[in-house]
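Encoded as structure tokens, the structure appears first; notes follow it.
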Amino acid sequence: MSKVNIKPLADRVLVQPAAAEEKTASGLYIPDTAKEKPQKGLVVAVGNGKKDEPLTVKVGDTVLYGKYSGTELSVDGNDYLIMRESDIFAIL
């Protein structure tokens with residue numbers, strides 16, 4: 001896990017997406033044009049939560065989120081997603 005100098009506000013969470021699958025379970029390699037956007041990732045930073053709603057996710061959790069959730073951003077050559085905690089479906 002890398003150290004990031006970004007502190008999300010309120011109920012927002014910074015997630016580092018997992019790498020896309022390189023090959024199928026049967027051993028076939030997937031070309032770059034056919035790879036699907038990953039829907040799980042590692043939480044690297046969290047906000048403080050809202051006044052009456054503390055956050056349930058914490059740094060280091062692996063989470064599942066929606067395919068089109070969050071806003072993509074790149075910091076120091078690493079790609080991240082910043083999203084609201086409500087966009088996260090589950091903690092693995």
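Residues in the structure tokens are named by chain (A, B, ... in the order shown) and by number from 1 within that chain; ligands are numbered from 1 in the order shown.
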Using only C-alpha atoms, determine which residues lie at most 10 Å from Asn78 (chain A), disregarding the query and same-chain residues fewer than 5 positions distant; provide the list as a PyMOL selection string.
chain A and resi 2+4+16-17+73
Within 12 Å of Lys51 (chain A), counting only C-alpha atoms, which residues show up once you throw out same-chain ones fewer than 3 positions away? Write them as number ranges by chain, please.
A: 10-11, 47-48, 54-55
Test item: residues at most 10 Å from Glu36 (chain A), only C-alpha atoms, excluding those fewer than 2 positions along its chain, as a PyMOL selection string
chain A and resi 20-21+30+32-34+38-39+67
Quick check for you: according to DSSP on this backbone, which residues of chain A are classed as helix (DSSP H, G or I)? Reply as a ChimeraX atom specification.
/A:32-34,85-87
For CA of Arg84 (chain A) and CA of Ala45 (chain A), the interatomic separation in Å (one decimal):
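The value is 12.0 Å.
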Residue nearest Ser69 (chain A) - candidates A:Lys3, A:Lys40, A:Lys35, A:Lys50, atoms counted: only C-alpha atoms:
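The closest residue to Ser69 (chain A) is A:Lys40.
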Please extract the residues of chain A with a backbone DSSP assignment of strand (DSSP E) and present them as a ChimeraX atom specification.
/A:12-17,40-46,62-65,71-75,78-84,88-91
Write the selection just made, keeping N, CA and C atoms, as a compact mmCIF listing (two decimals), in the first residue's frame?
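Saved to result.txt:
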# COMPACT_ATOMS: atom_id res chain seq x y z
N ARG A 12 -16.27 10.83 1.80
CA ARG A 12 -15.59 10.35 0.60
C ARG A 12 -14.44 9.41 0.94
N VAL A 13 -14.15 8.50 -0.01
CA VAL A 13 -13.14 7.46 0.18
C VAL A 13 -12.24 7.44 -1.05
N LEU A 14 -10.94 7.29 -0.86
CA LEU A 14 -9.99 7.18 -1.96
C LEU A 14 -9.63 5.70 -2.12
N VAL A 15 -9.87 5.17 -3.32
CA VAL A 15 -9.68 3.73 -3.58
C VAL A 15 -8.67 3.55 -4.70
N GLN A 16 -7.76 2.60 -4.51
CA GLN A 16 -6.83 2.22 -5.57
C GLN A 16 -7.41 0.97 -6.23
N PRO A 17 -7.87 1.09 -7.50
CA PRO A 17 -8.51 -0.05 -8.16
C PRO A 17 -7.55 -1.23 -8.32
N LYS A 40 -13.33 -3.80 -7.89
CA LYS A 40 -12.89 -3.89 -6.51
C LYS A 40 -11.56 -3.17 -6.38
N GLY A 41 -11.27 -2.77 -5.16
CA GLY A 41 -10.04 -2.04 -4.94
C GLY A 41 -9.71 -1.93 -3.47
N LEU A 42 -8.59 -1.28 -3.20
CA LEU A 42 -8.07 -1.13 -1.85
C LEU A 42 -8.28 0.31 -1.37
N VAL A 43 -8.83 0.46 -0.20
CA VAL A 43 -9.05 1.79 0.38
C VAL A 43 -7.71 2.31 0.89
N VAL A 44 -7.29 3.50 0.37
CA VAL A 44 -6.00 4.07 0.78
C VAL A 44 -6.16 5.33 1.63
N ALA A 45 -7.34 5.94 1.64
CA ALA A 45 -7.59 7.11 2.49
C ALA A 45 -9.10 7.28 2.67
N VAL A 46 -9.50 7.77 3.83
CA VAL A 46 -10.92 8.01 4.11
C VAL A 46 -11.11 9.39 4.72
N THR A 62 -10.50 -4.00 1.49
CA THR A 62 -10.75 -4.28 0.08
C THR A 62 -12.25 -4.18 -0.12
N VAL A 63 -12.68 -3.37 -1.09
CA VAL A 63 -14.11 -3.09 -1.26
C VAL A 63 -14.57 -3.38 -2.68
N LEU A 64 -15.87 -3.63 -2.81
CA LEU A 64 -16.54 -3.75 -4.10
C LEU A 64 -17.34 -2.49 -4.34
N TYR A 65 -17.29 -1.96 -5.56
CA TYR A 65 -18.03 -0.75 -5.89
C TYR A 65 -18.63 -0.88 -7.28
N THR A 71 -14.85 9.19 -9.24
CA THR A 71 -14.15 10.04 -10.19
C THR A 71 -12.71 9.59 -10.26
N GLU A 72 -12.23 9.35 -11.48
CA GLU A 72 -10.85 8.89 -11.66
C GLU A 72 -9.88 10.05 -11.51
N LEU A 73 -8.74 9.79 -10.85
CA LEU A 73 -7.68 10.77 -10.77
C LEU A 73 -6.35 10.06 -10.72
N SER A 74 -5.30 10.75 -11.16
CA SER A 74 -3.96 10.18 -11.20
C SER A 74 -3.04 11.06 -10.37
N VAL A 75 -2.33 10.44 -9.43
CA VAL A 75 -1.40 11.16 -8.55
C VAL A 75 -0.08 10.40 -8.55
N ASN A 78 0.09 6.99 -10.20
CA ASN A 78 -0.84 5.96 -9.75
C ASN A 78 -2.26 6.41 -10.00
N ASP A 79 -3.12 5.47 -10.39
CA ASP A 79 -4.53 5.79 -10.64
C ASP A 79 -5.36 5.48 -9.40
N TYR A 80 -6.30 6.38 -9.11
CA TYR A 80 -7.18 6.24 -7.95
C TYR A 80 -8.60 6.60 -8.36
N LEU A 81 -9.55 6.19 -7.52
CA LEU A 81 -10.94 6.62 -7.63
C LEU A 81 -11.31 7.28 -6.32
N ILE A 82 -12.00 8.41 -6.40
CA ILE A 82 -12.53 9.03 -5.19
C ILE A 82 -14.05 8.96 -5.31
N MET A 83 -14.69 8.42 -4.26
CA MET A 83 -16.14 8.19 -4.31
C MET A 83 -16.74 8.35 -2.93
N ARG A 84 -18.04 8.50 -2.90
CA ARG A 84 -18.76 8.53 -1.63
C ARG A 84 -18.83 7.12 -1.05
N ILE A 88 -20.01 2.40 -2.36
CA ILE A 88 -19.37 1.12 -2.06
C ILE A 88 -20.45 0.11 -1.66
N PHE A 89 -20.39 -1.07 -2.32
CA PHE A 89 -21.40 -2.10 -2.08
C PHE A 89 -21.06 -3.02 -0.92
N ALA A 90 -19.77 -3.39 -0.78
CA ALA A 90 -19.40 -4.37 0.24
C ALA A 90 -17.92 -4.27 0.57
N ILE A 91 -17.59 -4.77 1.76
CA ILE A 91 -16.21 -4.90 2.19
C ILE A 91 -15.87 -6.39 2.11
By how many Å are CA of Gly77 (chain A) and CA of Ala19 (chain A) apart?
14.5 Å
